[in-house]
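The structure under discussion appears below in the form of structure tokens.
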Amino acid sequence: MSELVNVSNLTMVYDKRKTALNELSLTIPRGKIVGLLGPNGSGKTTLIKILNGLLCPTSGTALINGSKPGPETKARVSYLPERTYLQTGMKVKELIAYFTDFYADFKPERAKEMLTSLGIDENDRIKTLSKGTREKVQLILVMSRDADLFILDEPIAGVDPAARDYIIKTIITNYNENATVLLSTHLISDIENILDEVIFIKNGNLVLQATVEDIREQKGKSVDAYFREVFAC
Amino acid sequence: MAWNLDSDRPIYTQILERMEMQIVSGIYKPGSKVPSVRELAAEAGVNPNTMQRALAELERKGLVTTQRTSGRVVTEDMEMIRETRNTLAKEQIQDFIQRMKELGFEKEEILALIKSEAGGELV
């Protein structure tokens, strides 16, 4: 068994003139919570979209479990996009049934338990829910799978601090020991205590990949403070 | 919910200190069961691998032991708990003395200050 994610020389050029990823190479191990961090426009979402097969790279490869993104990898990757894609006319419980049909590894009991903890009524229609609550529903659906890799694009940006704590707890308790969570965020201080590793990218290049404990030990500062130093404008 | 951890020191060290403190002060009683790595990590709001490492270190020090059937339990070796308690106390005192020296106090002054400040409490 090699690394879970293997990215090599990945380049993505939009419109033949805008380079989003520039010969990016990195690996992501199994069983870790990894933060994908970088300023706006650094290529985080582009990388995430390539891993999910939503974009085709200009050159280079991205492999998950040794396979290129496709039906095989999608069955093992649970993805939370930047924006929710839920059908607003559907009820929460209809979405649970939909996800149960769609993903073999979806656990409806787990989703229902989390909905109850957050006080979300499964008979509510998505369109009647606030933006933050929709995001919570989306995240619950994503975290209720037994996937190998969870890719969360800005999972906590739109929710209140109390729900953030719950979501962080959910991430800790719900992924199994062999699964990896890759999450991108700007809210580093809220999340750095749960990360094993961080990946800093800037202008489509890898700036640093290190464990959180190494950064704290060697730099004597939090990842948040270190990020501000590295990416100072 | 989450434990109050400093943002600029390694999380592992802080978890270790806190768990030692809880064992020494009897919050985790001798012989009692230590919650699972997952539960503790969720409670503390930290990475499970980091929590695992801290528990392994506590085990290495002998403050917790692993039992095949019931998971990790706090040691019942009272001597060891006392020793740890003394070590922690010494560390606190060293830190205190260091800070007092930074404030410009001499040894005798520090002792006199402790006596006058804590006199009532210590009797």
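We label chains A, B, ... in the order they appear in the structure tokens, count residues from 1 in each chain, and number ligands from 1 in the order shown.
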
- Item | chain A contacts to chain B at 12 Å (only C-alpha atoms) as a PyMOL selection string | chain A and resi 30-35+161-178+180-181+188-197+211-226

Could you take the residues named above and write them with C-alpha atoms, as a JSON list (two decimals), in the first residue's frame?
```json
[["chain", "number", "residue", "atom", "x", "y", "z"],
["A", 30, "ARG", "CA", -3.41, 7.49, 5.26],
["A", 31, "GLY", "CA", -4.95, 8.06, 8.66],
["A", 32, "LYS", "CA", -4.14, 11.76, 8.96],
["A", 33, "ILE", "CA", -5.99, 15.02, 9.22],
["A", 34, "VAL", "CA", -4.28, 17.38, 6.82],
["A", 35, "GLY", "CA", -4.86, 21.10, 6.42],
["A", 161, "PRO", "CA", -18.66, 29.13, 16.58],
["A", 162, "ALA", "CA", -20.68, 26.63, 18.64],
["A", 163, "ALA", "CA", -21.48, 24.58, 15.56],
["A", 164, "ARG", "CA", -17.83, 24.85, 14.56],
["A", 165, "ASP", "CA", -16.85, 23.11, 17.77],
["A", 166, "TYR", "CA", -19.40, 20.41, 17.06],
["A", 167, "ILE", "CA", -18.16, 19.99, 13.50],
["A", 168, "ILE", "CA", -14.56, 19.71, 14.66],
["A", 169, "LYS", "CA", -15.65, 17.06, 17.15],
["A", 170, "THR", "CA", -17.56, 15.31, 14.39],
["A", 171, "ILE", "CA", -14.48, 15.22, 12.23],
["A", 172, "ILE", "CA", -12.42, 13.74, 15.07],
["A", 173, "THR", "CA", -14.91, 11.06, 16.05],
["A", 174, "ASN", "CA", -16.34, 10.12, 12.69],
["A", 175, "TYR", "CA", -13.50, 9.27, 10.46],
["A", 176, "ASN", "CA", -11.97, 5.85, 10.90],
["A", 177, "GLU", "CA", -8.33, 5.29, 11.69],
["A", 178, "ASN", "CA", -7.30, 4.52, 8.12],
["A", 180, "THR", "CA", -7.61, 10.75, 5.80],
["A", 181, "VAL", "CA", -9.28, 14.12, 6.04],
["A", 188, "ILE", "CA", -6.52, 28.17, 10.89],
["A", 189, "SER", "CA", -6.60, 28.92, 14.59],
["A", 190, "ASP", "CA", -9.99, 27.23, 14.93],
["A", 191, "ILE", "CA", -8.77, 24.04, 13.42],
["A", 192, "GLU", "CA", -5.04, 23.68, 13.87],
["A", 193, "ASN", "CA", -5.24, 21.61, 17.06],
["A", 194, "ILE", "CA", -6.90, 18.78, 15.19],
["A", 195, "LEU", "CA", -4.45, 18.70, 12.28],
["A", 196, "ASP", "CA", -1.58, 16.27, 11.92],
["A", 197, "GLU", "CA", -0.02, 18.03, 9.00],
["A", 211, "THR", "CA", 3.49, 18.44, 10.96],
["A", 212, "VAL", "CA", 1.77, 20.94, 13.23],
["A", 213, "GLU", "CA", 3.89, 19.81, 16.17],
["A", 214, "ASP", "CA", 7.11, 20.41, 14.22],
["A", 215, "ILE", "CA", 6.03, 23.94, 13.38],
["A", 216, "ARG", "CA", 5.19, 24.66, 17.00],
["A", 217, "GLU", "CA", 8.38, 23.09, 18.25],
["A", 218, "GLN", "CA", 10.76, 24.58, 15.72],
["A", 219, "LYS", "CA", 9.18, 27.99, 15.22],
["A", 220, "GLY", "CA", 7.73, 28.37, 18.71],
["A", 221, "LYS", "CA", 4.51, 29.69, 17.25],
["A", 222, "SER", "CA", 1.11, 28.51, 16.19],
["A", 223, "VAL", "CA", 0.41, 27.45, 12.61],
["A", 224, "ASP", "CA", -1.85, 30.48, 12.36],
["A", 225, "ALA", "CA", 0.97, 32.84, 13.39],
["A", 226, "TYR", "CA", 3.42, 31.05, 11.11]]
```

- Task: Name the residues in contact with A:Glu122 at a cut-off of 10 Å, using only C-alpha atoms, excluding same-chain residues fewer than 5 positions from it; report them as an MDAnalysis selection string.
- Result: chainID A and resid 91:96 112 115:116 137

Restricting it to all heavy atoms, dump the selection as a PDB file, in the first residue's frame.
```
ATOM      1  N   LYS A  91     -36.587  17.495   1.018  1.00  0.00           N
ATOM      2  CA  LYS A  91     -36.543  17.500   2.474  1.00  0.00           C
ATOM      3  C   LYS A  91     -35.236  16.840   2.908  1.00  0.00           C
ATOM      4  O   LYS A  91     -34.657  16.039   2.158  1.00  0.00           O
ATOM      5  CB  LYS A  91     -37.705  16.694   3.041  1.00  0.00           C
ATOM      6  CG  LYS A  91     -39.045  17.361   2.858  1.00  0.00           C
ATOM      7  CD  LYS A  91     -40.142  16.533   3.491  1.00  0.00           C
ATOM      8  CE  LYS A  91     -41.477  17.243   3.303  1.00  0.00           C
ATOM      9  NZ  LYS A  91     -42.591  16.416   3.795  1.00  0.00           N
ATOM     10  N   VAL A  92     -34.817  17.149   4.143  1.00  0.00           N
ATOM     11  CA  VAL A  92     -33.569  16.578   4.654  1.00  0.00           C
ATOM     12  C   VAL A  92     -33.624  15.051   4.593  1.00  0.00           C
ATOM     13  O   VAL A  92     -32.679  14.394   4.155  1.00  0.00           O
ATOM     14  CB  VAL A  92     -33.293  17.065   6.092  1.00  0.00           C
ATOM     15  CG1 VAL A  92     -32.063  16.385   6.664  1.00  0.00           C
ATOM     16  CG2 VAL A  92     -33.117  18.583   6.111  1.00  0.00           C
ATOM     17  N   LYS A  93     -34.783  14.474   4.967  1.00  0.00           N
ATOM     18  CA  LYS A  93     -34.834  13.010   4.991  1.00  0.00           C
ATOM     19  C   LYS A  93     -34.811  12.413   3.587  1.00  0.00           C
ATOM     20  O   LYS A  93     -34.317  11.305   3.385  1.00  0.00           O
ATOM     21  CB  LYS A  93     -36.035  12.503   5.797  1.00  0.00           C
ATOM     22  CG  LYS A  93     -37.386  12.816   5.233  1.00  0.00           C
ATOM     23  CD  LYS A  93     -38.439  12.139   6.113  1.00  0.00           C
ATOM     24  CE  LYS A  93     -39.828  12.492   5.608  1.00  0.00           C
ATOM     25  NZ  LYS A  93     -40.864  12.108   6.574  1.00  0.00           N
ATOM     26  N   GLU A  94     -35.306  13.187   2.616  1.00  0.00           N
ATOM     27  CA  GLU A  94     -35.221  12.710   1.227  1.00  0.00           C
ATOM     28  C   GLU A  94     -33.763  12.689   0.764  1.00  0.00           C
ATOM     29  O   GLU A  94     -33.348  11.799   0.025  1.00  0.00           O
ATOM     30  CB  GLU A  94     -36.057  13.601   0.302  1.00  0.00           C
ATOM     31  CG  GLU A  94     -37.553  13.446   0.521  1.00  0.00           C
ATOM     32  CD  GLU A  94     -38.387  14.555  -0.153  1.00  0.00           C
ATOM     33  OE1 GLU A  94     -37.810  15.561  -0.626  1.00  0.00           O
ATOM     34  OE2 GLU A  94     -39.623  14.412  -0.166  1.00  0.00           O
ATOM     35  N   LEU A  95     -33.017  13.687   1.229  1.00  0.00           N
ATOM     36  CA  LEU A  95     -31.598  13.719   0.890  1.00  0.00           C
ATOM     37  C   LEU A  95     -30.861  12.526   1.497  1.00  0.00           C
ATOM     38  O   LEU A  95     -29.957  11.967   0.876  1.00  0.00           O
ATOM     39  CB  LEU A  95     -30.971  15.019   1.387  1.00  0.00           C
ATOM     40  CG  LEU A  95     -31.224  16.230   0.490  1.00  0.00           C
ATOM     41  CD1 LEU A  95     -30.918  17.512   1.241  1.00  0.00           C
ATOM     42  CD2 LEU A  95     -30.366  16.146  -0.769  1.00  0.00           C
ATOM     43  N   ILE A  96     -31.261  12.170   2.699  1.00  0.00           N
ATOM     44  CA  ILE A  96     -30.618  11.014   3.345  1.00  0.00           C
ATOM     45  C   ILE A  96     -30.895   9.754   2.520  1.00  0.00           C
ATOM     46  O   ILE A  96     -29.982   8.951   2.262  1.00  0.00           O
ATOM     47  CB  ILE A  96     -31.113  10.859   4.800  1.00  0.00           C
ATOM     48  CG1 ILE A  96     -30.571  12.022   5.626  1.00  0.00           C
ATOM     49  CG2 ILE A  96     -30.685   9.519   5.389  1.00  0.00           C
ATOM     50  CD1 ILE A  96     -31.006  12.022   7.065  1.00  0.00           C
ATOM     51  N   LYS A 112     -28.550  10.755  10.884  1.00  0.00           N
ATOM     52  CA  LYS A 112     -29.703  11.134  11.712  1.00  0.00           C
ATOM     53  C   LYS A 112     -29.275  11.545  13.114  1.00  0.00           C
ATOM     54  O   LYS A 112     -29.803  12.487  13.687  1.00  0.00           O
ATOM     55  CB  LYS A 112     -30.703   9.980  11.767  1.00  0.00           C
ATOM     56  CG  LYS A 112     -31.442   9.867  10.445  1.00  0.00           C
ATOM     57  CD  LYS A 112     -32.460   8.767  10.414  1.00  0.00           C
ATOM     58  CE  LYS A 112     -33.058   8.725   9.010  1.00  0.00           C
ATOM     59  NZ  LYS A 112     -33.930   7.585   8.795  1.00  0.00           N
ATOM     60  N   LEU A 115     -27.899  15.026  12.904  1.00  0.00           N
ATOM     61  CA  LEU A 115     -28.980  16.006  12.704  1.00  0.00           C
ATOM     62  C   LEU A 115     -29.653  16.302  14.036  1.00  0.00           C
ATOM     63  O   LEU A 115     -29.922  17.453  14.381  1.00  0.00           O
ATOM     64  CB  LEU A 115     -30.014  15.466  11.710  1.00  0.00           C
ATOM     65  CG  LEU A 115     -29.566  15.415  10.247  1.00  0.00           C
ATOM     66  CD1 LEU A 115     -30.568  14.609   9.423  1.00  0.00           C
ATOM     67  CD2 LEU A 115     -29.421  16.821   9.672  1.00  0.00           C
ATOM     68  N   THR A 116     -29.893  15.236  14.813  1.00  0.00           N
ATOM     69  CA  THR A 116     -30.530  15.416  16.119  1.00  0.00           C
ATOM     70  C   THR A 116     -29.644  16.276  17.026  1.00  0.00           C
ATOM     71  O   THR A 116     -30.133  17.206  17.671  1.00  0.00           O
ATOM     72  CB  THR A 116     -30.773  14.036  16.774  1.00  0.00           C
ATOM     73  OG1 THR A 116     -31.396  13.198  15.810  1.00  0.00           O
ATOM     74  CG2 THR A 116     -31.658  14.155  17.997  1.00  0.00           C
ATOM     75  N   VAL A 137     -26.112  20.644   7.104  1.00  0.00           N
ATOM     76  CA  VAL A 137     -26.725  19.450   6.506  1.00  0.00           C
ATOM     77  C   VAL A 137     -25.768  18.829   5.494  1.00  0.00           C
ATOM     78  O   VAL A 137     -25.525  17.621   5.492  1.00  0.00           O
ATOM     79  CB  VAL A 137     -28.071  19.795   5.827  1.00  0.00           C
ATOM     80  CG1 VAL A 137     -28.601  18.611   5.023  1.00  0.00           C
ATOM     81  CG2 VAL A 137     -29.095  20.236   6.868  1.00  0.00           C
TER      82      VAL A 137
END
```

Can you tell me which residues surround B:Met100 at a distance of at most 12 Å, considering only C-alpha atoms, apart from same-chain residues fewer than 4 positions away, and format the answer as a CSV table (one decimal) with all heavy atoms, in the first residue's frame?
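The resulting file, result-v4.csv, is shown below:
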```
chain,number,residue,atom,x,y,z
B,93,ILE,N,7.8,25.5,41.5
B,93,ILE,CA,8.6,26.3,42.3
B,93,ILE,C,9.8,26.9,41.6
B,93,ILE,O,10.1,28.1,41.7
B,93,ILE,CB,9.0,25.5,43.6
B,93,ILE,CG1,7.8,25.2,44.4
B,93,ILE,CG2,10.1,26.3,44.4
B,93,ILE,CD1,8.1,24.3,45.6
B,94,GLN,N,10.4,26.1,40.7
B,94,GLN,CA,11.5,26.6,39.9
B,94,GLN,C,11.0,27.8,39.0
B,94,GLN,O,11.7,28.8,38.9
B,94,GLN,CB,12.1,25.5,39.0
B,94,GLN,CG,12.7,24.4,39.8
B,94,GLN,CD,14.0,24.8,40.5
B,94,GLN,OE1,14.5,25.9,40.3
B,94,GLN,NE2,14.4,24.0,41.5
B,95,ASP,N,9.9,27.6,38.4
B,95,ASP,CA,9.3,28.6,37.5
B,95,ASP,C,9.1,29.9,38.3
B,95,ASP,O,9.4,31.0,37.9
B,95,ASP,CB,8.0,28.2,36.9
B,95,ASP,CG,8.2,27.2,35.8
B,95,ASP,OD1,9.4,27.0,35.4
B,95,ASP,OD2,7.2,26.7,35.3
B,96,PHE,N,8.5,29.7,39.5
B,96,PHE,CA,8.2,30.8,40.3
B,96,PHE,C,9.4,31.6,40.7
B,96,PHE,O,9.5,32.8,40.6
B,96,PHE,CB,7.4,30.3,41.6
B,96,PHE,CG,7.2,31.3,42.6
B,96,PHE,CD1,6.3,32.3,42.5
B,96,PHE,CD2,8.0,31.2,43.8
B,96,PHE,CE1,6.2,33.3,43.5
B,96,PHE,CE2,7.9,32.2,44.8
B,96,PHE,CZ,6.9,33.2,44.7
B,104,GLY,N,13.6,40.9,40.2
B,104,GLY,CA,14.6,41.6,41.0
B,104,GLY,C,14.6,41.2,42.5
B,104,GLY,O,15.3,41.9,43.3
B,105,PHE,N,13.9,40.1,42.8
B,105,PHE,CA,13.9,39.7,44.2
B,105,PHE,C,15.1,38.8,44.6
B,105,PHE,O,15.5,38.0,43.8
B,105,PHE,CB,12.6,39.0,44.6
B,105,PHE,CG,11.4,40.0,44.7
B,105,PHE,CD1,10.6,40.2,43.6
B,105,PHE,CD2,11.2,40.6,45.9
B,105,PHE,CE1,9.5,41.1,43.7
B,105,PHE,CE2,10.1,41.5,46.0
B,105,PHE,CZ,9.3,41.7,44.9
B,106,GLU,N,15.6,39.0,45.8
B,106,GLU,CA,16.6,38.0,46.3
B,106,GLU,C,16.0,36.9,47.1
B,106,GLU,O,14.8,37.0,47.5
B,106,GLU,CB,17.6,38.8,47.3
B,106,GLU,CG,18.3,40.0,46.7
B,106,GLU,CD,19.3,39.5,45.6
B,106,GLU,OE1,19.8,38.3,45.7
B,106,GLU,OE2,19.7,40.3,44.8
B,107,LYS,N,16.7,35.8,47.3
B,107,LYS,CA,16.2,34.6,47.9
B,107,LYS,C,15.5,34.9,49.2
B,107,LYS,O,14.3,34.5,49.4
B,107,LYS,CB,17.4,33.8,48.3
B,107,LYS,CG,17.2,32.3,48.3
B,107,LYS,CD,18.5,31.5,48.3
B,107,LYS,CE,18.4,30.2,49.0
B,107,LYS,NZ,19.8,29.7,49.2
B,108,GLU,N,16.1,35.7,50.1
B,108,GLU,CA,15.5,36.0,51.4
B,108,GLU,C,14.1,36.7,51.3
B,108,GLU,O,13.2,36.5,51.9
B,108,GLU,CB,16.4,36.8,52.4
B,108,GLU,CG,17.5,36.0,52.9
B,108,GLU,CD,18.6,35.6,51.9
B,108,GLU,OE1,18.8,36.4,50.9
B,108,GLU,OE2,19.2,34.5,52.0
B,109,GLU,N,14.2,37.7,50.4
B,109,GLU,CA,13.0,38.5,50.1
B,109,GLU,C,11.8,37.6,49.6
B,109,GLU,O,10.7,37.7,50.0
B,109,GLU,CB,13.2,39.6,49.1
B,109,GLU,CG,14.1,40.7,49.5
B,109,GLU,CD,14.4,41.7,48.4
B,109,GLU,OE1,15.1,41.3,47.4
B,109,GLU,OE2,13.8,42.8,48.4
B,110,ILE,N,12.2,36.7,48.7
B,110,ILE,CA,11.2,35.8,48.2
B,110,ILE,C,10.6,34.9,49.3
B,110,ILE,O,9.3,34.9,49.5
B,110,ILE,CB,11.8,34.8,47.1
B,110,ILE,CG1,12.3,35.6,46.0
B,110,ILE,CG2,10.7,33.8,46.6
B,110,ILE,CD1,13.1,34.8,44.9
B,111,LEU,N,11.4,34.4,50.2
B,111,LEU,CA,10.9,33.6,51.3
B,111,LEU,C,10.0,34.4,52.2
B,111,LEU,O,9.0,33.9,52.6
B,111,LEU,CB,12.1,33.0,52.1
B,111,LEU,CG,12.8,31.8,51.4
B,111,LEU,CD1,14.1,31.5,52.1
B,111,LEU,CD2,11.9,30.6,51.3
B,113,LEU,N,8.4,37.0,51.5
B,113,LEU,CA,7.1,37.4,50.8
B,113,LEU,C,6.1,36.2,50.8
B,113,LEU,O,5.0,36.3,51.1
B,113,LEU,CB,7.4,37.7,49.3
B,113,LEU,CG,7.4,39.2,49.0
B,113,LEU,CD1,7.8,39.4,47.5
B,113,LEU,CD2,6.1,39.8,49.3
B,114,ILE,N,6.7,35.0,50.6
B,114,ILE,CA,5.8,33.8,50.6
B,114,ILE,C,5.2,33.6,52.0
B,114,ILE,O,4.0,33.4,52.1
B,114,ILE,CB,6.6,32.5,50.3
B,114,ILE,CG1,7.1,32.6,48.8
B,114,ILE,CG2,5.8,31.3,50.5
B,114,ILE,CD1,7.9,31.4,48.4
```

- Quick one: DSSP helix (DSSP H, G or I) residues in stretch 38-109 of chain A, as a list in words?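 The residues of stretch 38-109 of chain A classed as helix (DSSP H, G or I) are Lys44, Thr45, Thr46, Leu47, Ile48, Lys49, Ile50, Leu51, Pro71, Glu72, Thr73, Lys74, Val92, Lys93, Glu94, Leu95, Ile96, Ala97, Tyr98, Phe99, Thr100, Asp101, Phe102, Pro108 and Glu109 of chain A.
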
Residues just named, written with N, CA, C and O atoms as a CSV table (one decimal), in the first residue's frame:
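New file again-v3.csv:
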```
chain,number,residue,atom,x,y,z
A,44,LYS,N,-5.8,26.1,-4.0
A,44,LYS,CA,-6.4,25.1,-3.1
A,44,LYS,C,-7.6,24.4,-3.8
A,44,LYS,O,-7.7,23.2,-3.9
A,45,THR,N,-8.5,25.2,-4.2
A,45,THR,CA,-9.8,24.6,-4.7
A,45,THR,C,-9.5,23.9,-6.1
A,45,THR,O,-10.1,22.9,-6.4
A,46,THR,N,-8.6,24.4,-6.9
A,46,THR,CA,-8.2,23.8,-8.1
A,46,THR,C,-7.7,22.4,-7.8
A,46,THR,O,-8.1,21.4,-8.4
A,47,LEU,N,-6.8,22.2,-6.8
A,47,LEU,CA,-6.3,20.9,-6.5
A,47,LEU,C,-7.4,20.0,-6.0
A,47,LEU,O,-7.5,18.9,-6.5
A,48,ILE,N,-8.3,20.5,-5.2
A,48,ILE,CA,-9.4,19.7,-4.7
A,48,ILE,C,-10.3,19.3,-5.8
A,48,ILE,O,-10.7,18.1,-5.9
A,49,LYS,N,-10.5,20.2,-6.8
A,49,LYS,CA,-11.4,19.8,-7.9
A,49,LYS,C,-10.8,18.7,-8.8
A,49,LYS,O,-11.5,17.8,-9.3
A,50,ILE,N,-9.5,18.8,-8.9
A,50,ILE,CA,-8.8,17.8,-9.7
A,50,ILE,C,-8.9,16.4,-9.0
A,50,ILE,O,-9.2,15.4,-9.6
A,51,LEU,N,-8.7,16.4,-7.7
A,51,LEU,CA,-8.7,15.2,-6.9
A,51,LEU,C,-10.1,14.6,-7.0
A,51,LEU,O,-10.3,13.3,-6.9
A,71,PRO,N,-14.9,6.9,-11.4
A,71,PRO,CA,-15.9,6.3,-10.6
A,71,PRO,C,-15.3,5.5,-9.4
A,71,PRO,O,-15.9,5.5,-8.3
A,72,GLU,N,-14.2,4.8,-9.7
A,72,GLU,CA,-13.6,4.0,-8.6
A,72,GLU,C,-13.2,4.9,-7.4
A,72,GLU,O,-13.4,4.5,-6.3
A,73,THR,N,-12.5,6.0,-7.7
A,73,THR,CA,-12.1,6.8,-6.6
A,73,THR,C,-13.2,7.6,-6.0
A,73,THR,O,-13.3,7.8,-4.8
A,74,LYS,N,-14.2,8.0,-6.8
A,74,LYS,CA,-15.4,8.7,-6.2
A,74,LYS,C,-16.1,7.9,-5.2
A,74,LYS,O,-16.8,8.4,-4.3
A,92,VAL,N,-34.8,17.1,4.1
A,92,VAL,CA,-33.6,16.6,4.7
A,92,VAL,C,-33.6,15.1,4.6
A,92,VAL,O,-32.7,14.4,4.2
A,93,LYS,N,-34.8,14.5,5.0
A,93,LYS,CA,-34.8,13.0,5.0
A,93,LYS,C,-34.8,12.4,3.6
A,93,LYS,O,-34.3,11.3,3.4
A,94,GLU,N,-35.3,13.2,2.6
A,94,GLU,CA,-35.2,12.7,1.2
A,94,GLU,C,-33.8,12.7,0.8
A,94,GLU,O,-33.3,11.8,0.0
A,95,LEU,N,-33.0,13.7,1.2
A,95,LEU,CA,-31.6,13.7,0.9
A,95,LEU,C,-30.9,12.5,1.5
A,95,LEU,O,-30.0,12.0,0.9
A,96,ILE,N,-31.3,12.2,2.7
A,96,ILE,CA,-30.6,11.0,3.3
A,96,ILE,C,-30.9,9.8,2.5
A,96,ILE,O,-30.0,9.0,2.3
A,97,ALA,N,-32.1,9.6,2.1
A,97,ALA,CA,-32.5,8.4,1.2
A,97,ALA,C,-31.7,8.5,-0.1
A,97,ALA,O,-31.2,7.4,-0.6
A,98,TYR,N,-31.6,9.7,-0.6
A,98,TYR,CA,-30.8,9.9,-1.9
A,98,TYR,C,-29.4,9.5,-1.7
A,98,TYR,O,-28.8,8.7,-2.5
A,99,PHE,N,-28.7,9.9,-0.6
A,99,PHE,CA,-27.3,9.6,-0.4
A,99,PHE,C,-27.2,8.1,-0.1
A,99,PHE,O,-26.2,7.5,-0.5
A,100,THR,N,-28.2,7.5,0.6
A,100,THR,CA,-28.1,6.1,0.8
A,100,THR,C,-28.1,5.3,-0.5
A,100,THR,O,-27.4,4.3,-0.6
A,101,ASP,N,-28.9,5.7,-1.4
A,101,ASP,CA,-29.0,5.1,-2.7
A,101,ASP,C,-27.7,5.3,-3.5
A,101,ASP,O,-27.2,4.4,-4.2
A,102,PHE,N,-27.1,6.5,-3.4
A,102,PHE,CA,-26.0,6.9,-4.2
A,102,PHE,C,-24.7,6.3,-3.7
A,102,PHE,O,-23.9,5.9,-4.6
A,108,PRO,N,-26.9,6.0,7.1
A,108,PRO,CA,-28.1,6.9,7.4
A,108,PRO,C,-28.2,7.1,8.9
A,108,PRO,O,-28.6,8.3,9.4
A,109,GLU,N,-27.9,6.1,9.8
A,109,GLU,CA,-28.1,6.3,11.2
A,109,GLU,C,-27.2,7.4,11.7
A,109,GLU,O,-27.5,8.2,12.6
```

- Task: Find the residues around B:Glu76 up to 9 Å (only C-alpha atoms counted), leave out those fewer than 2 positions away in its own chain, and share them as a VMD selection string.
- Result: chain B and resid 29 to 32 63 to 64 73 to 74 78 to 81

- Within 12 Å of stretch 54-58 of chain A using only C-alpha atoms, minus same-chain residues under 2 positions, as JSON, numbers by chain: {"A": [7, 8, 9, 10, 11, 12, 13, 14, 15, 16, 17, 18, 19, 20, 21, 22, 23, 24, 45, 46, 47, 48, 49, 50, 51, 52, 60, 61, 62, 63, 68, 69, 70, 71, 74, 79, 81]}

- Pick from B:Arg72, B:Lys61, B:Arg85, B:Arg53: nearest to B:Ser25, with only C-alpha atoms counted? B:Arg85

- Query: Could you work out how far atom CA of A:Arg145 lies from atom CA of A:Thr133, giving the answer in Å with one decimal?
  - Reply: 19.4 Å

- Quick one: everything within 9 Å of A:Lys127, counting only C-alpha atoms, minus sequence neighbours fewer than 2 positions away in the same chain. Send it as a PyMOL selection string. chain A and resi 87-91+124-125+129-130+134

- Item | Residues flagged strand (DSSP E or B) by DSSP in chain B, as a VMD selection string | chain B and resid 33 64 to 67 71 to 74
